[in-house]
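Following: one structure in C-alpha cells, then a few remarks.
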Amino acid sequence: MKHIKHPLPYCKNFLLDSTNIETTFFSEKRVLLLVLYLFTLAIPNYSFAIPIISSNSHNEQKMSSRLSSFLDAQDSITPEMKKKAIQKVIDFNKDFKITPTNESKTLRRLFFAVQETFLTEYVLYSSFFQTIDSGKYDCLTGSVLYAVFLEEIKQKGNFNYTYQIIQNPIHVFIKIKLSDNSEIIFESTSLEKGFIATPKGIAFYLQEQANNVQKEVQNQNVVLLDNKIINNLVTLETASALLYFNQGVLFFNQRKFGKSLLMAKNALFFQKNEAFYDLIILSLQELLKNNLISEKEYDLNIKKCIVINN
C-alpha cells in the first residue's frame, strides 16, 4: 500500500477545525480547537540479530490487556475484531529481530519495521484499532503503538534506554534516551524524516516543535490540555484517556453527540482532565439543545461529572 505521510515539521492531529465545530468547550460562543499531545520514542542502528521470543505467557497477557484497553476506544468493536488486532501486534513482536548488544541498531530497525507493517496512511483522528487493522493512523495512535513495542523490546533485549511520549498542543512524538545518553526521536508521521538520531537534527526538530506550538498558542488557535504546560508527559497507563478523547472529538465534529459524550466520559474515567470534562459538558449541551435528552438528564449528568472531576 502506498504510504501517505503527513509532512513534517508538525501535524495538527488534535485540533478541531473551526469549520467543523459550531460551539465551544467553554461557555462563550467561540470555537475551541481541541489539543492533544504525547511524549514519543526514538533510537537508531543495528548488527547481527536474533528473533524476539514472546513465549512468556505472563508478558503476553500483560501486553494483551494493555492493547485491549487501547482498542476499546474504537466504536462498536467486537471481541473477534479485538482478538485479531491483538494477535497481529503479538505476531509482529514475536517475529521482530533484536540485536542484543546494540540497542540503537535494534530501535532503528524497529522504527522502519513498524512504519512498513502498520503505518501506511495518515488519517486525522484515527482509532488505535484502525492503525493496527488497516494502517490508518495519526501521531497519537502511531506513537502509542511505538511505545507498546518499546516496552517489549526493552525487556526482551535487557536494554537500558528510556523513552518519553511527548504530547504538545498540536502534536505527539517519542523521544528516547539510550544507555550511552545519546538521544533519538521517533516521528511517526514521516517515513523518510521520522527517524532522527543526530544531536543537530534533534535540536532542530525540538526547536521547530516549540516554535510551532508557541505560534499557535499566541494566535489563540489552541487551548492547552493542562492549561499551562507546553509539553506534557504521557505514559502508556494514561494513553487510553487520550485515545478516547481523540475519538470523542471526532464524533463531536460529526455531530454524533451521544458518542462524543460516551468517549469523553471514558477519557475522564482513565484520567481527570479539564479538557475531557469540557467535552462532556459541550456534548450534553448539544444533546439538550437538540432535544435528545431532558433537562433532568442533563442536570444529573452534570452533577455526576462534577463529582468525578473533583
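Every chain in the C-alpha cells has a letter given in the order shown (A, B, ...), and although residue numbers restart at 1 in each chain, ligands are simply numbered from 1 in the order shown.
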
Region 180-304 of chain A: residues DSSP assigns to strand (DSSP E), reported as number ranges by chain: A: 183-186, 195-196, 232-234

Please return as JSON, numbers by chain: the residues of region 131-261 of chain A that backbone DSSP assigns to alpha helix (DSSP H). {"A": [131, 132, 133, 134, 139, 140, 141, 142, 143, 144, 145, 146, 147, 148, 149, 150, 151, 152, 153, 154, 155, 156, 199, 200, 201, 202, 203, 204, 205, 206, 207, 208, 209, 210, 211, 212, 213, 214, 215, 216, 217, 218, 239, 240, 241, 242, 243, 244, 245, 246, 247, 248, 249, 250, 251, 252, 253, 257, 258, 259, 260, 261]}

Which residues are close to Asn266 (chain A), i.e. within 12 Å by only C-alpha atoms, leaving aside same-chain residues fewer than 5 positions away? Reply as a PDB file with N, CA and C atoms, in the first residue's frame.
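This is the output file selection_11.pdb:
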ATOM      1  N   SER A  69      -7.252  -2.378  26.240  1.00  0.00           N
ATOM      2  CA  SER A  69      -7.688  -1.079  26.746  1.00  0.00           C
ATOM      3  C   SER A  69      -7.641  -0.015  25.654  1.00  0.00           C
ATOM      4  N   PHE A  70      -6.584  -0.031  24.852  1.00  0.00           N
ATOM      5  CA  PHE A  70      -6.450   0.942  23.764  1.00  0.00           C
ATOM      6  C   PHE A  70      -7.497   0.705  22.680  1.00  0.00           C
ATOM      7  N   ASP A  72     -10.424  -0.534  22.937  1.00  0.00           N
ATOM      8  CA  ASP A  72     -11.788  -0.245  23.367  1.00  0.00           C
ATOM      9  C   ASP A  72     -12.243   1.160  22.980  1.00  0.00           C
ATOM     10  N   ALA A  73     -11.307   2.023  22.630  1.00  0.00           N
ATOM     11  CA  ALA A  73     -11.668   3.368  22.182  1.00  0.00           C
ATOM     12  C   ALA A  73     -12.287   3.353  20.785  1.00  0.00           C
ATOM     13  N   GLN A  74     -12.222   2.209  20.108  1.00  0.00           N
ATOM     14  CA  GLN A  74     -12.882   2.047  18.816  1.00  0.00           C
ATOM     15  C   GLN A  74     -14.379   1.850  19.029  1.00  0.00           C
ATOM     16  N   THR A 238      -1.823   6.063  30.918  1.00  0.00           N
ATOM     17  CA  THR A 238      -2.798   7.141  30.706  1.00  0.00           C
ATOM     18  C   THR A 238      -3.127   7.365  29.233  1.00  0.00           C
ATOM     19  N   ALA A 239      -2.487   6.617  28.346  1.00  0.00           N
ATOM     20  CA  ALA A 239      -2.712   6.802  26.911  1.00  0.00           C
ATOM     21  C   ALA A 239      -4.155   6.502  26.521  1.00  0.00           C
ATOM     22  N   SER A 240      -4.798   5.580  27.228  1.00  0.00           N
ATOM     23  CA  SER A 240      -6.190   5.242  26.905  1.00  0.00           C
ATOM     24  C   SER A 240      -7.078   6.477  26.973  1.00  0.00           C
ATOM     25  N   ALA A 241      -6.833   7.346  27.940  1.00  0.00           N
ATOM     26  CA  ALA A 241      -7.641   8.550  28.083  1.00  0.00           C
ATOM     27  C   ALA A 241      -7.559   9.414  26.832  1.00  0.00           C
ATOM     28  N   LEU A 242      -6.358   9.576  26.295  1.00  0.00           N
ATOM     29  CA  LEU A 242      -6.186  10.409  25.109  1.00  0.00           C
ATOM     30  C   LEU A 242      -6.801   9.759  23.874  1.00  0.00           C
ATOM     31  N   LEU A 243      -6.717   8.433  23.788  1.00  0.00           N
ATOM     32  CA  LEU A 243      -7.317   7.723  22.659  1.00  0.00           C
ATOM     33  C   LEU A 243      -8.838   7.892  22.670  1.00  0.00           C
ATOM     34  N   TYR A 244      -9.439   7.796  23.847  1.00  0.00           N
ATOM     35  CA  TYR A 244     -10.883   8.018  23.963  1.00  0.00           C
ATOM     36  C   TYR A 244     -11.235   9.469  23.627  1.00  0.00           C
ATOM     37  N   PHE A 245     -10.444  10.395  24.154  1.00  0.00           N
ATOM     38  CA  PHE A 245     -10.709  11.814  23.921  1.00  0.00           C
ATOM     39  C   PHE A 245     -10.627  12.149  22.439  1.00  0.00           C
ATOM     40  N   ASN A 246      -9.625  11.597  21.773  1.00  0.00           N
ATOM     41  CA  ASN A 246      -9.435  11.836  20.347  1.00  0.00           C
ATOM     42  C   ASN A 246     -10.662  11.387  19.553  1.00  0.00           C
ATOM     43  N   GLN A 247     -11.198  10.212  19.909  1.00  0.00           N
ATOM     44  CA  GLN A 247     -12.389   9.708  19.239  1.00  0.00           C
ATOM     45  C   GLN A 247     -13.611  10.555  19.594  1.00  0.00           C
ATOM     46  N   GLY A 248     -13.635  11.077  20.824  1.00  0.00           N
ATOM     47  CA  GLY A 248     -14.724  11.949  21.219  1.00  0.00           C
ATOM     48  C   GLY A 248     -14.766  13.220  20.386  1.00  0.00           C
ATOM     49  N   LYS A 259     -22.245   9.759  21.125  1.00  0.00           N
ATOM     50  CA  LYS A 259     -20.993   9.016  21.103  1.00  0.00           C
ATOM     51  C   LYS A 259     -19.842   9.870  21.641  1.00  0.00           C
ATOM     52  N   SER A 260     -19.854  11.161  21.332  1.00  0.00           N
ATOM     53  CA  SER A 260     -18.784  12.023  21.861  1.00  0.00           C
ATOM     54  C   SER A 260     -18.883  12.097  23.385  1.00  0.00           C
ATOM     55  N   LEU A 261     -20.093  12.095  23.907  1.00  0.00           N
ATOM     56  CA  LEU A 261     -20.293  12.102  25.362  1.00  0.00           C
ATOM     57  C   LEU A 261     -19.735  10.829  25.989  1.00  0.00           C
ATOM     58  N   GLN A 271      -8.452   9.330  33.350  1.00  0.00           N
ATOM     59  CA  GLN A 271      -7.616  10.427  33.820  1.00  0.00           C
ATOM     60  C   GLN A 271      -8.454  11.690  33.988  1.00  0.00           C
ATOM     61  N   LYS A 272      -8.314  12.351  35.120  1.00  0.00           N
ATOM     62  CA  LYS A 272      -9.013  13.614  35.325  1.00  0.00           C
ATOM     63  C   LYS A 272      -8.337  14.707  34.514  1.00  0.00           C
ATOM     64  N   ASN A 273      -9.122  15.423  33.727  1.00  0.00           N
ATOM     65  CA  ASN A 273      -8.560  16.482  32.898  1.00  0.00           C
ATOM     66  C   ASN A 273      -9.683  17.439  32.517  1.00  0.00           C
ATOM     67  N   PHE A 276     -11.277  16.941  29.040  1.00  0.00           N
ATOM     68  CA  PHE A 276     -12.220  15.833  28.950  1.00  0.00           C
ATOM     69  C   PHE A 276     -13.573  16.248  29.546  1.00  0.00           C
ATOM     70  N   TYR A 277     -13.501  16.933  30.682  1.00  0.00           N
ATOM     71  CA  TYR A 277     -14.715  17.423  31.331  1.00  0.00           C
ATOM     72  C   TYR A 277     -15.456  18.406  30.422  1.00  0.00           C
ATOM     73  N   LEU A 279     -15.436  18.535  27.177  1.00  0.00           N
ATOM     74  CA  LEU A 279     -16.067  17.825  26.070  1.00  0.00           C
ATOM     75  C   LEU A 279     -17.384  17.180  26.527  1.00  0.00           C
ATOM     76  N   ILE A 280     -17.408  16.687  27.746  1.00  0.00           N
ATOM     77  CA  ILE A 280     -18.646  16.135  28.307  1.00  0.00           C
ATOM     78  C   ILE A 280     -19.731  17.213  28.371  1.00  0.00           C
ATOM     79  N   CYS A 305     -20.570  14.303  36.630  1.00  0.00           N
ATOM     80  CA  CYS A 305     -19.268  14.691  36.068  1.00  0.00           C
ATOM     81  C   CYS A 305     -18.484  15.572  37.037  1.00  0.00           C
ATOM     82  N   ILE A 308     -16.939  13.294  39.624  1.00  0.00           N
ATOM     83  CA  ILE A 308     -15.809  12.548  39.071  1.00  0.00           C
ATOM     84  C   ILE A 308     -14.593  13.429  38.873  1.00  0.00           C
TER      85      ILE A 308
END

Could you name the residues that touch Leu250 (chain A) at 9 Å or less, counting only C-alpha atoms, but leaving out those on the same chain fewer than 5 positions away, as a ChimeraX atom specification? /A:16,124-126,245,255-256,260

Pick out the residues sitting within 10 Å of region 284-293 of chain A, and hand them over as a PDB file with all heavy atoms, in the first residue's frame; count only C-alpha atoms, and ignore anything fewer than 2 positions along from it in its own chain.
ATOM      1  N   THR A  23     -19.808  25.065  18.261  1.00  0.00           N
ATOM      2  CA  THR A  23     -19.899  25.602  19.614  1.00  0.00           C
ATOM      3  C   THR A  23     -18.540  25.631  20.244  1.00  0.00           C
ATOM      4  O   THR A  23     -17.539  25.450  19.580  1.00  0.00           O
ATOM      5  CB  THR A  23     -20.850  24.749  20.458  1.00  0.00           C
ATOM      6  OG1 THR A  23     -20.410  23.406  20.393  1.00  0.00           O
ATOM      7  CG2 THR A  23     -22.267  24.846  19.930  1.00  0.00           C
ATOM      8  N   PHE A 252     -17.744  14.430  17.915  1.00  0.00           N
ATOM      9  CA  PHE A 252     -18.355  15.747  18.082  1.00  0.00           C
ATOM     10  C   PHE A 252     -18.361  16.498  16.756  1.00  0.00           C
ATOM     11  O   PHE A 252     -19.350  17.130  16.389  1.00  0.00           O
ATOM     12  CB  PHE A 252     -17.621  16.555  19.143  1.00  0.00           C
ATOM     13  CG  PHE A 252     -18.333  17.825  19.505  1.00  0.00           C
ATOM     14  CD1 PHE A 252     -19.262  17.834  20.539  1.00  0.00           C
ATOM     15  CD2 PHE A 252     -18.105  18.999  18.811  1.00  0.00           C
ATOM     16  CE1 PHE A 252     -19.946  18.998  20.864  1.00  0.00           C
ATOM     17  CE2 PHE A 252     -18.775  20.160  19.132  1.00  0.00           C
ATOM     18  CZ  PHE A 252     -19.698  20.165  20.161  1.00  0.00           C
ATOM     19  N   ARG A 255     -21.068  15.523  14.692  1.00  0.00           N
ATOM     20  CA  ARG A 255     -22.356  15.821  15.320  1.00  0.00           C
ATOM     21  C   ARG A 255     -23.012  14.564  15.889  1.00  0.00           C
ATOM     22  O   ARG A 255     -24.232  14.478  16.007  1.00  0.00           O
ATOM     23  CB  ARG A 255     -23.294  16.555  14.345  1.00  0.00           C
ATOM     24  CG  ARG A 255     -22.724  17.865  13.817  1.00  0.00           C
ATOM     25  CD  ARG A 255     -23.775  18.668  13.063  1.00  0.00           C
ATOM     26  NE  ARG A 255     -24.882  19.066  13.931  1.00  0.00           N
ATOM     27  CZ  ARG A 255     -24.855  20.090  14.776  1.00  0.00           C
ATOM     28  NH1 ARG A 255     -23.748  20.837  14.884  1.00  0.00           N
ATOM     29  NH2 ARG A 255     -25.907  20.394  15.528  1.00  0.00           N
ATOM     30  N   LYS A 256     -22.204  13.610  16.265  1.00  0.00           N
ATOM     31  CA  LYS A 256     -22.688  12.408  16.945  1.00  0.00           C
ATOM     32  C   LYS A 256     -22.455  12.625  18.437  1.00  0.00           C
ATOM     33  O   LYS A 256     -21.531  12.069  19.037  1.00  0.00           O
ATOM     34  CB  LYS A 256     -21.945  11.175  16.437  1.00  0.00           C
ATOM     35  CG  LYS A 256     -22.156  10.910  14.950  1.00  0.00           C
ATOM     36  CD  LYS A 256     -21.335   9.707  14.479  1.00  0.00           C
ATOM     37  CE  LYS A 256     -21.542   9.464  12.994  1.00  0.00           C
ATOM     38  NZ  LYS A 256     -20.711   8.317  12.507  1.00  0.00           N
ATOM     39  N   PHE A 257     -23.298  13.452  19.044  1.00  0.00           N
ATOM     40  CA  PHE A 257     -23.050  13.955  20.384  1.00  0.00           C
ATOM     41  C   PHE A 257     -23.199  12.880  21.464  1.00  0.00           C
ATOM     42  O   PHE A 257     -22.553  12.960  22.504  1.00  0.00           O
ATOM     43  CB  PHE A 257     -23.963  15.143  20.670  1.00  0.00           C
ATOM     44  CG  PHE A 257     -23.816  16.253  19.669  1.00  0.00           C
ATOM     45  CD1 PHE A 257     -24.890  16.677  18.909  1.00  0.00           C
ATOM     46  CD2 PHE A 257     -22.575  16.851  19.460  1.00  0.00           C
ATOM     47  CE1 PHE A 257     -24.752  17.701  17.986  1.00  0.00           C
ATOM     48  CE2 PHE A 257     -22.419  17.874  18.535  1.00  0.00           C
ATOM     49  CZ  PHE A 257     -23.519  18.299  17.791  1.00  0.00           C
ATOM     50  N   GLY A 258     -24.043  11.898  21.225  1.00  0.00           N
ATOM     51  CA  GLY A 258     -24.164  10.804  22.180  1.00  0.00           C
ATOM     52  C   GLY A 258     -22.869  10.009  22.272  1.00  0.00           C
ATOM     53  O   GLY A 258     -22.415   9.652  23.367  1.00  0.00           O
ATOM     54  N   SER A 260     -19.854  11.161  21.332  1.00  0.00           N
ATOM     55  CA  SER A 260     -18.784  12.023  21.861  1.00  0.00           C
ATOM     56  C   SER A 260     -18.883  12.097  23.385  1.00  0.00           C
ATOM     57  O   SER A 260     -17.863  12.143  24.081  1.00  0.00           O
ATOM     58  CB  SER A 260     -18.852  13.426  21.245  1.00  0.00           C
ATOM     59  OG  SER A 260     -20.017  14.129  21.662  1.00  0.00           O
ATOM     60  N   LEU A 261     -20.093  12.095  23.907  1.00  0.00           N
ATOM     61  CA  LEU A 261     -20.293  12.102  25.362  1.00  0.00           C
ATOM     62  C   LEU A 261     -19.735  10.829  25.989  1.00  0.00           C
ATOM     63  O   LEU A 261     -19.027  10.880  27.004  1.00  0.00           O
ATOM     64  CB  LEU A 261     -21.785  12.222  25.681  1.00  0.00           C
ATOM     65  CG  LEU A 261     -22.178  12.103  27.155  1.00  0.00           C
ATOM     66  CD1 LEU A 261     -21.550  13.228  27.973  1.00  0.00           C
ATOM     67  CD2 LEU A 261     -23.700  12.105  27.308  1.00  0.00           C
ATOM     68  N   ASP A 278     -14.708  19.288  29.778  1.00  0.00           N
ATOM     69  CA  ASP A 278     -15.322  20.278  28.891  1.00  0.00           C
ATOM     70  C   ASP A 278     -16.025  19.617  27.702  1.00  0.00           C
ATOM     71  O   ASP A 278     -17.075  20.075  27.258  1.00  0.00           O
ATOM     72  CB  ASP A 278     -14.262  21.259  28.368  1.00  0.00           C
ATOM     73  CG  ASP A 278     -13.755  22.190  29.458  1.00  0.00           C
ATOM     74  OD1 ASP A 278     -14.494  22.417  30.434  1.00  0.00           O
ATOM     75  OD2 ASP A 278     -12.615  22.667  29.341  1.00  0.00           O
ATOM     76  N   LEU A 279     -15.436  18.535  27.177  1.00  0.00           N
ATOM     77  CA  LEU A 279     -16.067  17.825  26.070  1.00  0.00           C
ATOM     78  C   LEU A 279     -17.384  17.180  26.527  1.00  0.00           C
ATOM     79  O   LEU A 279     -18.362  17.129  25.772  1.00  0.00           O
ATOM     80  CB  LEU A 279     -15.118  16.770  25.503  1.00  0.00           C
ATOM     81  CG  LEU A 279     -15.659  15.940  24.326  1.00  0.00           C
ATOM     82  CD1 LEU A 279     -16.128  16.846  23.192  1.00  0.00           C
ATOM     83  CD2 LEU A 279     -14.598  14.963  23.832  1.00  0.00           C
ATOM     84  N   ILE A 280     -17.408  16.687  27.746  1.00  0.00           N
ATOM     85  CA  ILE A 280     -18.646  16.135  28.307  1.00  0.00           C
ATOM     86  C   ILE A 280     -19.731  17.213  28.371  1.00  0.00           C
ATOM     87  O   ILE A 280     -20.866  17.011  27.926  1.00  0.00           O
ATOM     88  CB  ILE A 280     -18.397  15.557  29.716  1.00  0.00           C
ATOM     89  CG1 ILE A 280     -17.535  14.295  29.626  1.00  0.00           C
ATOM     90  CG2 ILE A 280     -19.719  15.241  30.410  1.00  0.00           C
ATOM     91  CD1 ILE A 280     -17.127  13.734  30.976  1.00  0.00           C
ATOM     92  N   ILE A 281     -19.379  18.366  28.915  1.00  0.00           N
ATOM     93  CA  ILE A 281     -20.337  19.465  29.051  1.00  0.00           C
ATOM     94  C   ILE A 281     -20.842  19.912  27.686  1.00  0.00           C
ATOM     95  O   ILE A 281     -22.053  20.105  27.484  1.00  0.00           O
ATOM     96  CB  ILE A 281     -19.701  20.656  29.792  1.00  0.00           C
ATOM     97  CG1 ILE A 281     -19.217  20.233  31.186  1.00  0.00           C
ATOM     98  CG2 ILE A 281     -20.687  21.818  29.883  1.00  0.00           C
ATOM     99  CD1 ILE A 281     -20.304  19.659  32.061  1.00  0.00           C
ATOM    100  N   LEU A 282     -19.933  20.056  26.753  1.00  0.00           N
ATOM    101  CA  LEU A 282     -20.313  20.509  25.423  1.00  0.00           C
ATOM    102  C   LEU A 282     -21.235  19.508  24.737  1.00  0.00           C
ATOM    103  O   LEU A 282     -22.227  19.874  24.105  1.00  0.00           O
ATOM    104  CB  LEU A 282     -19.061  20.726  24.579  1.00  0.00           C
ATOM    105  CG  LEU A 282     -19.265  21.310  23.179  1.00  0.00           C
ATOM    106  CD1 LEU A 282     -20.030  22.619  23.250  1.00  0.00           C
ATOM    107  CD2 LEU A 282     -17.944  21.512  22.485  1.00  0.00           C
ATOM    108  N   GLU A 295     -33.970  18.015  30.490  1.00  0.00           N
ATOM    109  CA  GLU A 295     -33.205  18.873  31.396  1.00  0.00           C
ATOM    110  C   GLU A 295     -32.824  18.115  32.666  1.00  0.00           C
ATOM    111  O   GLU A 295     -31.749  18.346  33.236  1.00  0.00           O
ATOM    112  CB  GLU A 295     -34.018  20.119  31.747  1.00  0.00           C
ATOM    113  CG  GLU A 295     -34.151  21.094  30.593  1.00  0.00           C
ATOM    114  CD  GLU A 295     -34.659  22.448  31.053  1.00  0.00           C
ATOM    115  OE1 GLU A 295     -34.632  22.711  32.290  1.00  0.00           O
ATOM    116  OE2 GLU A 295     -35.058  23.246  30.200  1.00  0.00           O
ATOM    117  N   LYS A 296     -33.695  17.211  33.084  1.00  0.00           N
ATOM    118  CA  LYS A 296     -33.403  16.397  34.253  1.00  0.00           C
ATOM    119  C   LYS A 296     -32.185  15.503  34.007  1.00  0.00           C
ATOM    120  O   LYS A 296     -31.309  15.385  34.867  1.00  0.00           O
ATOM    121  CB  LYS A 296     -34.612  15.538  34.614  1.00  0.00           C
ATOM    122  CG  LYS A 296     -34.426  14.711  35.871  1.00  0.00           C
ATOM    123  CD  LYS A 296     -35.688  13.926  36.212  1.00  0.00           C
ATOM    124  CE  LYS A 296     -35.496  13.109  37.486  1.00  0.00           C
ATOM    125  NZ  LYS A 296     -36.717  12.329  37.825  1.00  0.00           N
ATOM    126  N   GLU A 297     -32.138  14.867  32.821  1.00  0.00           N
ATOM    127  CA  GLU A 297     -30.995  14.023  32.463  1.00  0.00           C
ATOM    128  C   GLU A 297     -29.727  14.860  32.345  1.00  0.00           C
ATOM    129  O   GLU A 297     -28.645  14.428  32.752  1.00  0.00           O
ATOM    130  CB  GLU A 297     -31.272  13.311  31.135  1.00  0.00           C
ATOM    131  CG  GLU A 297     -32.336  12.238  31.216  1.00  0.00           C
ATOM    132  CD  GLU A 297     -32.677  11.662  29.861  1.00  0.00           C
ATOM    133  OE1 GLU A 297     -32.930  12.461  28.928  1.00  0.00           O
ATOM    134  OE2 GLU A 297     -32.679  10.423  29.728  1.00  0.00           O
ATOM    135  N   TYR A 298     -29.881  16.053  31.795  1.00  0.00           N
ATOM    136  CA  TYR A 298     -28.733  16.963  31.661  1.00  0.00           C
ATOM    137  C   TYR A 298     -28.166  17.315  33.036  1.00  0.00           C
ATOM    138  O   TYR A 298     -26.960  17.198  33.267  1.00  0.00           O
ATOM    139  CB  TYR A 298     -29.168  18.233  30.932  1.00  0.00           C
ATOM    140  CG  TYR A 298     -28.099  19.298  30.856  1.00  0.00           C
ATOM    141  CD1 TYR A 298     -27.133  19.277  29.854  1.00  0.00           C
ATOM    142  CD2 TYR A 298     -28.052  20.329  31.795  1.00  0.00           C
ATOM    143  CE1 TYR A 298     -26.149  20.255  29.787  1.00  0.00           C
ATOM    144  CE2 TYR A 298     -27.080  21.311  31.731  1.00  0.00           C
ATOM    145  CZ  TYR A 298     -26.127  21.264  30.723  1.00  0.00           C
ATOM    146  OH  TYR A 298     -25.152  22.225  30.670  1.00  0.00           O
ATOM    147  N   ASP A 299     -29.033  17.721  33.957  1.00  0.00           N
ATOM    148  CA  ASP A 299     -28.588  18.114  35.301  1.00  0.00           C
ATOM    149  C   ASP A 299     -27.950  16.933  36.034  1.00  0.00           C
ATOM    150  O   ASP A 299     -26.937  17.103  36.731  1.00  0.00           O
ATOM    151  CB  ASP A 299     -29.769  18.646  36.114  1.00  0.00           C
ATOM    152  CG  ASP A 299     -30.286  19.970  35.587  1.00  0.00           C
ATOM    153  OD1 ASP A 299     -29.510  20.672  34.902  1.00  0.00           O
ATOM    154  OD2 ASP A 299     -31.460  20.294  35.842  1.00  0.00           O
ATOM    155  N   ASN A 301     -26.408  14.319  34.728  1.00  0.00           N
ATOM    156  CA  ASN A 301     -25.094  14.050  34.140  1.00  0.00           C
ATOM    157  C   ASN A 301     -24.068  15.080  34.578  1.00  0.00           C
ATOM    158  O   ASN A 301     -22.910  14.739  34.844  1.00  0.00           O
ATOM    159  CB  ASN A 301     -25.192  14.028  32.617  1.00  0.00           C
ATOM    160  CG  ASN A 301     -25.573  12.673  32.055  1.00  0.00           C
ATOM    161  OD1 ASN A 301     -24.728  11.799  31.898  1.00  0.00           O
ATOM    162  ND2 ASN A 301     -26.859  12.499  31.779  1.00  0.00           N
ATOM    163  N   ILE A 302     -24.472  16.328  34.640  1.00  0.00           N
ATOM    164  CA  ILE A 302     -23.575  17.396  35.073  1.00  0.00           C
ATOM    165  C   ILE A 302     -23.095  17.145  36.495  1.00  0.00           C
ATOM    166  O   ILE A 302     -21.896  17.245  36.814  1.00  0.00           O
ATOM    167  CB  ILE A 302     -24.250  18.774  34.993  1.00  0.00           C
ATOM    168  CG1 ILE A 302     -24.532  19.162  33.537  1.00  0.00           C
ATOM    169  CG2 ILE A 302     -23.368  19.827  35.661  1.00  0.00           C
ATOM    170  CD1 ILE A 302     -23.287  19.392  32.712  1.00  0.00           C
TER     171      ILE A 302
END

Excluding Ile174 (chain A) and its own-chain neighbours fewer than 3 positions away, which residues fall within 12 Å of it when counting only C-alpha atoms? Please give them as a PyMOL selection string. chain A and resi 37-43+111+139-148+150+162-168+171+177+183-189+194-196+202+205-206+231-235

Between CA of Asp138 (chain A) and CA of Val172 (chain A), what is the distance in Å, rounded to a tenth? 9.0 Å

Just the residues within 8 Å of Tyr161 (chain A), please, counting only C-alpha atoms, with nothing from its chain fewer than 2 positions along; format it as a list in words. Glu103, Lys154, Phe159, Tyr163, Ile176, Lys177, Leu178 and Ser179 of chain A

Selected residue of minimal separation from Ser182 (chain A) among A:Ser104, A:Lys84, A:Ile170, A:Gln254, counting only C-alpha atoms: A:Ser104

Atomic separation - CA of Arg109 (chain A) relative to CA of Ile132 (chain A), Å: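 Interatomic distance here is 18.7 Å.
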